[in-house]
Amino acid sequence: MKRTHLSSAIGLVLGLAFIAPLHAQQAGEDAGAKPTAAKQAEAKQLEEVTVSARRRDESLEKVPVAITAFSGEDMKDLQANSVDGLQGAVPNMNIVQGRGSSSAVNIFIRGIGQPDALQTFDPGVGMYVDDVYYSRIQGGLISLFDVERVEVLRGPQGTLYGKNSTGGAVKVVTKNPGDSTEGSVEAGFGNYGRREGKFYLGGPLGGAWSASIAGAVTQTDGYVTDPSTGHKYNDEDTKSVRGKLRYHPSENFDAVLSLDYTKQDTGLTLGQPVSVLKRTDLVFGSVPLYTPDPDQKYDFRTRTSFGPDKGQKLEHKGAALNLGWKLSDRWNLRSISAFRKLDSRSYIDIDASQFELGDVLVDFHQKQASQELQLQYDNGSNLQAVYGLYWLRETVPSHQEAYASDLFALAGTPITFLRTIDDDLTTTTYAGFAHVNWEFVPSWTLAAGVRYSSDHKDYDRTTSTFWGAPFSAINETVAFGASKRWNAWTPTLSLQKQLDPQTMLYASASRGFKSGGFNGRANTAAETKSAEYNPEYVWTYELGMKWRSADNKLQANLAAFHSDYTDFQARVSEVQNPGSITPTFAFPVINAAKLKMDGIEFEGAAVLGQGTRLSAQVGYMDARYAKFVDHRLDPSDPLYNPELHKHVPFSPTWTSRVAATQAFDLGDGSAITIGADWSYRSETWLSVDNYEALSQKAYSVTGLFGIYDSADGHWQFRAGVRNLGDKVYKTDGQEFSSVGNIRTAYYGMPRNWYANVRYNF
């Protein structure tokens, strides 16, 4: 059999075996353009997807990186309003609303992420909006109201994207204004009191100037009810706006100024206690306060000691200036300047009960300024390169209050307890990088790159503990300060072979780096002595294939990887020794572990007949600890627990999704599209310390939607339902066993429906 026939046969078998993945909309689909459902009714081919994963526009099928890309219309078909709507759509990825916060996002890719949500800890997956890095997971639950495309890069991105991208990167690209006027307005409603509105308007201003403005408002009443008051929690109240001004006088120069603002004002985000909550009585010892019923499913009701006025507020705003110069036929210069400010004041009921065991206020004010310069080279043939310099400075001062008046008692009488924390983290990053792509002989391409990163952190912290009667007003104040610099080299190397116009094979090796830091949960003098932790690193080796049939009806991408992950920054809980009645309040961060991850990922898409699209994503991963240093794994230790670190958190063995859409031409130019998807996730552990209560058994979720598009393309009606089977499933967890035995699980939204109408002009 000829080579071209062999590669086509391989791709066809893979495509049909897995019903091959999609994301086939044009990557440049306009955010405010007329909807594509009518086009799908007559579409007989997959569209080419363009990505900028290597800092230049390329066909997804030609990039030797595991990438999943979605256009704005793809995100609508995923029924995604924010980035956590990608859950289930990307192999070996976990992306959910994070740990008791209405504004934070918890992302793990291939077993790597951020185990603690506190703002002093760094993410393990980089979040970028228009190539601007978002340093904290708070504010990362981005609303997708003016998106051109979203790219998910799996595996370390340490060369082109730098530190804290050890697991991968999520890139959100918003739409730039163009040469023609376009816009849309959209309104919708749904159950749980859902109300939403969106708009987009963009076009030329005259001469070389153009501009756009987009906004969205989303509100719900919440799906958690306090049965004693009827007050609603887990609601939405988000307002976002983005404006862009573009100056494009010629093909030699382009400038885009972007301003964005987001405001959130919600009630508490509540979960459910999944372990026995305990009080320490100085006379009677440990006293149970709350015992979960193991046979009762979570009914989305809870109570809290906070009043209804104690919610979660966030303001997130920024400005970015993106400049591009065409210096010659071969050289381009690009500058990305950005400033961002994030103010968050959130009350969090960590214990998720009517008791005051872990009721906290987290009030922080983050600022970051960054500058990136890129010099790009392309000889128009077989050699491309990018050279860059990067600088970022970030400050994160915060004030925290922890109320726990039900945690201690004296002969049954509660003792008032309050801990306050004031800290300030300043991070300064410098980096330089280079990446070269060289087709050294026809059909063979070698790519190599390296980045040098230097991270300097200054940290100051003061912790005060206040006791009520019969103790003194202030029991202890602990002050802690530290400063350190960490440096790292992060190279990448890939070799790719274009077997024929339809098939590309590649092999790659890349290193990721996540900088060291200081434990933002160190509360005692003893803890501050070991508050510093070292950087973590990962090497990932990957083999992949990307294939598209000659008739553009089938597409299949396959990747196999092995990762060596060292010095994992594990935040654990130190519970008290047997016989002791006093909680330790200890949450050490230790470079505890070496991990190994092996996995296979498949994505594909198929167009069958006319207007029928099928897609599938399948991920398999074997994530395990090669070493975990924890005294509780020592059989001679009083707290010995051989099951404590048996499973890697947020690393299910299997993730998969199958989706189908069918478009019907109604004959007059209008069209109806119906779609459905089914996603599956095997057992997932929700904390570094493994407790059965903080695990989620295997489950699946189904969604349905329908679209009507008018013949003139102006009107679109869309309706859908998410979590059709009303599945009760955990998405995240809080593990604070050293305080009152707190373990809290957070749950996905129950069955919910919506209906939207959009007018395009």
# chains A, B, ... in the order shown; residues from 1 in each chain; ligands from 1

call {"tool": "residues_around", "arguments": {"residues": "region 301-316 of chain A", "least_positions_apart": "3", "cutoff": "8 Å", "atoms": "only C-alpha atoms", "output": "ChimeraX atom specification"}}
result
/A:101-103,139,224-228,231,261-268,270-272,298,340-347,349,352-356,359

call {"tool": "write_last_selection", "arguments": {"atoms": "C-alpha atoms", "output": "tab-separated table (two decimals), in the first residue's frame"}}
result
chain	number	residue	atom	x	y	z
A	101	SER	CA	-15.59	31.48	45.36
A	102	SER	CA	-17.92	32.83	42.69
A	103	SER	CA	-14.99	34.39	40.79
A	139	GLY	CA	-10.96	36.68	38.60
A	224	VAL	CA	-28.84	26.80	47.16
A	225	THR	CA	-31.52	27.76	49.68
A	226	ASP	CA	-31.17	28.31	53.43
A	227	PRO	CA	-34.16	26.31	54.71
A	228	SER	CA	-34.45	28.45	57.84
A	231	HIS	CA	-32.33	33.09	51.36
A	261	TYR	CA	-14.09	45.97	33.45
A	262	THR	CA	-15.89	43.23	35.36
A	263	LYS	CA	-17.95	43.55	38.53
A	264	GLN	CA	-19.43	40.71	40.56
A	265	ASP	CA	-21.70	40.99	43.59
A	266	THR	CA	-23.03	37.62	44.70
A	267	GLY	CA	-24.11	35.81	47.81
A	268	LEU	CA	-21.99	33.11	49.38
A	270	LEU	CA	-21.88	27.18	49.58
A	271	GLY	CA	-21.04	23.51	49.62
A	272	GLN	CA	-21.86	20.75	52.06
A	298	TYR	CA	-27.00	16.39	48.72
A	340	ARG	CA	-4.49	45.01	35.69
A	341	LYS	CA	-6.18	45.62	39.05
A	342	LEU	CA	-8.21	43.08	41.00
A	343	ASP	CA	-10.14	43.94	44.18
A	344	SER	CA	-11.89	41.08	45.94
A	345	ARG	CA	-13.79	41.02	49.23
A	346	SER	CA	-15.29	37.60	49.87
A	347	TYR	CA	-16.90	35.91	52.82
A	349	ASP	CA	-18.25	29.64	54.87
A	352	ALA	CA	-20.69	25.03	55.10
A	353	SER	CA	-22.87	24.61	58.18
A	354	GLN	CA	-24.90	26.64	60.68
A	355	PHE	CA	-21.89	26.49	63.00
A	356	GLU	CA	-19.11	29.06	63.19
A	359	ASP	CA	-16.24	31.46	58.61

call {"tool": "residues_around", "arguments": {"residues": "Ala117 (chain A)", "least_positions_apart": "5", "cutoff": "8 Å", "atoms": "only C-alpha atoms", "output": "list of chain:residue names"}}
result
A:Gly98, A:Arg99, A:Asn106, A:Ile137

call {"tool": "write_last_selection", "arguments": {"atoms": "C-alpha atoms", "output": "short mmCIF file (atom, residue, chain, number, x, y, z; two decimals), in the first residue's frame"}}
result
data_model
loop_
_atom_site.label_atom_id
_atom_site.label_comp_id
_atom_site.auth_asym_id
_atom_site.auth_seq_id
_atom_site.Cartn_x
_atom_site.Cartn_y
_atom_site.Cartn_z
CA GLY A 98 -12.99 27.06 42.47
CA ARG A 99 -13.41 26.31 46.16
CA ASN A 106 -9.69 25.76 39.43
CA ILE A 137 -7.04 32.17 39.79
#

call {"tool": "closest_residue", "arguments": {"among": "A:Val147, A:Leu118, A:Met93, A:Ala69", "to": "Gln734 (chain A)", "atoms": "only C-alpha atoms"}}
result
A:Leu118

call {"tool": "residues_around", "arguments": {"residues": "region 617-628 of chain A", "least_positions_apart": "3", "cutoff": "7 Å", "atoms": "only C-alpha atoms", "output": "PyMOL selection string"}}
result
chain A and resi 21+89-92+111+592-604+647-648+651+653-658

call {"tool": "residues_around", "arguments": {"residues": "Thr291 (chain A)", "least_positions_apart": "5", "cutoff": "9 Å", "atoms": "only C-alpha atoms", "output": "PyMOL selection string"}}
result
chain A and resi 273-277

call {"tool": "closest_residue", "arguments": {"among": "A:Val538, A:Leu558, A:Val132, A:Ile336", "to": "Gln368 (chain A)", "atoms": "only C-alpha atoms"}}
result
A:Val132

call {"tool": "residues_around", "arguments": {"residues": "Glu643 (chain A)", "least_positions_apart": "5", "cutoff": "12 Å", "atoms": "only C-alpha atoms", "output": "list of chain:residue names"}}
result
A:Phe628, A:Asp630, A:Arg632, A:Leu633, A:Asp634, A:Pro635, A:Val648, A:Val688, A:Asp689, A:Asn690, A:Tyr691, A:Glu692

call {"tool": "write_last_selection", "arguments": {"atoms": "all heavy atoms", "output": "compact mmCIF listing (two decimals), in the first residue's frame"}}
result
# COMPACT_ATOMS: atom_id res chain seq x y z
N PHE A 628 6.26 10.26 48.00
CA PHE A 628 5.53 11.29 48.75
C PHE A 628 6.09 11.28 50.17
O PHE A 628 5.96 10.30 50.89
CB PHE A 628 4.03 11.03 48.77
CG PHE A 628 3.21 12.26 49.02
CD1 PHE A 628 2.43 12.81 48.02
CD2 PHE A 628 3.25 12.90 50.26
CE1 PHE A 628 1.70 13.97 48.24
CE2 PHE A 628 2.53 14.05 50.49
CZ PHE A 628 1.74 14.59 49.48
N ASP A 630 5.77 12.27 53.69
CA ASP A 630 4.79 12.70 54.69
C ASP A 630 4.91 11.73 55.86
O ASP A 630 4.80 10.51 55.67
CB ASP A 630 3.37 12.68 54.10
CG ASP A 630 2.34 13.31 55.02
OD1 ASP A 630 2.49 13.21 56.26
OD2 ASP A 630 1.36 13.90 54.51
N ARG A 632 2.97 10.88 57.96
CA ARG A 632 1.77 10.05 58.19
C ARG A 632 1.77 8.79 57.35
O ARG A 632 0.87 7.95 57.50
CB ARG A 632 0.52 10.89 57.92
CG ARG A 632 0.32 12.03 58.92
CD ARG A 632 -0.79 12.95 58.50
NE ARG A 632 -0.47 13.68 57.28
CZ ARG A 632 -1.33 14.49 56.65
NH1 ARG A 632 -2.56 14.65 57.13
NH2 ARG A 632 -0.96 15.12 55.56
N LEU A 633 2.74 8.64 56.46
CA LEU A 633 2.89 7.40 55.71
C LEU A 633 3.87 6.44 56.38
O LEU A 633 4.11 5.34 55.88
CB LEU A 633 3.37 7.71 54.29
CG LEU A 633 2.43 8.56 53.44
CD1 LEU A 633 3.04 8.81 52.06
CD2 LEU A 633 1.07 7.91 53.29
N ASP A 634 4.42 6.85 57.52
CA ASP A 634 5.34 6.01 58.29
C ASP A 634 4.53 5.13 59.24
O ASP A 634 3.79 5.66 60.09
CB ASP A 634 6.30 6.90 59.07
CG ASP A 634 7.36 6.11 59.85
OD1 ASP A 634 7.22 4.87 59.96
OD2 ASP A 634 8.30 6.75 60.35
N PRO A 635 4.66 3.80 59.16
CA PRO A 635 3.86 2.91 60.03
C PRO A 635 4.08 3.16 61.52
O PRO A 635 3.21 2.83 62.33
CB PRO A 635 4.33 1.51 59.63
CG PRO A 635 4.84 1.67 58.23
CD PRO A 635 5.44 3.04 58.18
N VAL A 648 -3.72 10.92 43.02
CA VAL A 648 -3.36 12.28 42.66
C VAL A 648 -4.65 13.09 42.47
O VAL A 648 -5.56 12.64 41.77
CB VAL A 648 -2.52 12.29 41.36
CG1 VAL A 648 -2.17 13.72 40.96
CG2 VAL A 648 -1.26 11.45 41.55
N VAL A 688 -5.41 16.97 48.11
CA VAL A 688 -4.12 16.29 48.19
C VAL A 688 -4.17 15.20 49.23
O VAL A 688 -3.71 14.08 49.01
CB VAL A 688 -3.00 17.31 48.50
CG1 VAL A 688 -1.67 16.58 48.71
CG2 VAL A 688 -2.87 18.32 47.37
N ASP A 689 -4.70 15.51 50.42
CA ASP A 689 -4.95 14.48 51.43
C ASP A 689 -6.21 13.72 51.00
O ASP A 689 -7.29 14.31 50.92
CB ASP A 689 -5.14 15.09 52.81
CG ASP A 689 -3.84 15.58 53.43
OD1 ASP A 689 -2.77 15.29 52.86
OD2 ASP A 689 -3.89 16.25 54.47
N ASN A 690 -6.05 12.44 50.73
CA ASN A 690 -7.18 11.66 50.21
C ASN A 690 -8.10 11.21 51.34
O ASN A 690 -7.68 10.49 52.25
CB ASN A 690 -6.67 10.42 49.48
CG ASN A 690 -5.88 10.72 48.23
OD1 ASN A 690 -5.11 9.91 47.75
ND2 ASN A 690 -6.06 11.91 47.67
N TYR A 691 -9.32 11.67 51.28
CA TYR A 691 -10.38 11.19 52.16
C TYR A 691 -11.56 10.79 51.28
O TYR A 691 -11.92 11.51 50.34
CB TYR A 691 -10.79 12.27 53.16
CG TYR A 691 -9.70 12.64 54.14
CD1 TYR A 691 -8.96 13.81 53.96
CD2 TYR A 691 -9.38 11.83 55.22
CE1 TYR A 691 -7.95 14.16 54.83
CE2 TYR A 691 -8.37 12.17 56.11
CZ TYR A 691 -7.66 13.34 55.90
OH TYR A 691 -6.64 13.68 56.77
N GLU A 692 -12.16 9.66 51.61
CA GLU A 692 -13.23 9.13 50.78
C GLU A 692 -14.34 10.15 50.58
O GLU A 692 -14.95 10.23 49.51
CB GLU A 692 -13.79 7.85 51.41
CG GLU A 692 -14.78 7.09 50.53
CD GLU A 692 -14.12 6.48 49.31
OE1 GLU A 692 -12.94 6.11 49.40
OE2 GLU A 692 -14.79 6.38 48.27

call {"tool": "residues_around", "arguments": {"residues": "region 552-554 of chain A", "least_positions_apart": "3", "cutoff": "6 Å", "atoms": "only C-alpha atoms", "output": "PyMOL selection string"}}
result
chain A and resi 45-46+548-549+605-607

call {"tool": "atom_distance", "arguments": {"atom1": "CA of Arg751 (chain A)", "atom2": "CA of Gly222 (chain A)"}}
result
12.8 Å

call {"tool": "select_by_dssp", "arguments": {"residues": "region 67-236 of chain A", "states": "helix (DSSP H, G or I)", "output": "list in words"}}
result
Gly72, Glu73, Asp74, Met75, Lys76, Asp77, Val83, Asp84, Gly85 and Leu86 of chain A

call {"tool": "write_last_selection", "arguments": {"atoms": "N, CA, C and O atoms", "output": "compact mmCIF listing (two decimals), in the first residue's frame"}}
result
# COMPACT_ATOMS: atom_id res chain seq x y z
N GLY A 72 -16.01 31.13 18.86
CA GLY A 72 -17.10 31.66 19.67
C GLY A 72 -18.38 30.86 19.52
O GLY A 72 -19.10 30.61 20.49
N GLU A 73 -18.69 30.41 18.28
CA GLU A 73 -19.88 29.60 18.06
C GLU A 73 -19.73 28.22 18.69
O GLU A 73 -20.70 27.63 19.18
N ASP A 74 -18.52 27.66 18.68
CA ASP A 74 -18.29 26.39 19.37
C ASP A 74 -18.62 26.51 20.85
O ASP A 74 -19.22 25.60 21.44
N MET A 75 -18.21 27.62 21.47
CA MET A 75 -18.48 27.81 22.90
C MET A 75 -19.97 27.88 23.16
O MET A 75 -20.45 27.38 24.19
N LYS A 76 -20.73 28.47 22.24
CA LYS A 76 -22.18 28.49 22.41
C LYS A 76 -22.76 27.08 22.33
O LYS A 76 -23.67 26.72 23.07
N ASP A 77 -22.21 26.27 21.40
CA ASP A 77 -22.70 24.90 21.28
C ASP A 77 -22.29 24.05 22.47
O ASP A 77 -22.93 23.03 22.76
N VAL A 83 -15.42 30.29 31.23
CA VAL A 83 -14.41 29.31 30.83
C VAL A 83 -14.63 27.95 31.47
O VAL A 83 -14.18 26.92 30.93
N ASP A 84 -15.32 27.88 32.62
CA ASP A 84 -15.56 26.56 33.21
C ASP A 84 -16.53 25.73 32.38
O ASP A 84 -16.69 24.53 32.64
N GLY A 85 -17.16 26.34 31.37
CA GLY A 85 -18.00 25.58 30.45
C GLY A 85 -17.19 24.63 29.58
O GLY A 85 -17.77 23.79 28.88
N LEU A 86 -15.85 24.74 29.61
CA LEU A 86 -14.99 23.81 28.87
C LEU A 86 -14.87 22.46 29.58
O LEU A 86 -14.30 21.52 29.01

call {"tool": "atom_distance", "arguments": {"atom1": "CA of Ser250 (chain A)", "atom2": "CA of Asp146 (chain A)"}}
result
25.5 Å

call {"tool": "atom_distance", "arguments": {"atom1": "CA of Leu257 (chain A)", "atom2": "CA of Pro177 (chain A)"}}
result
10.9 Å
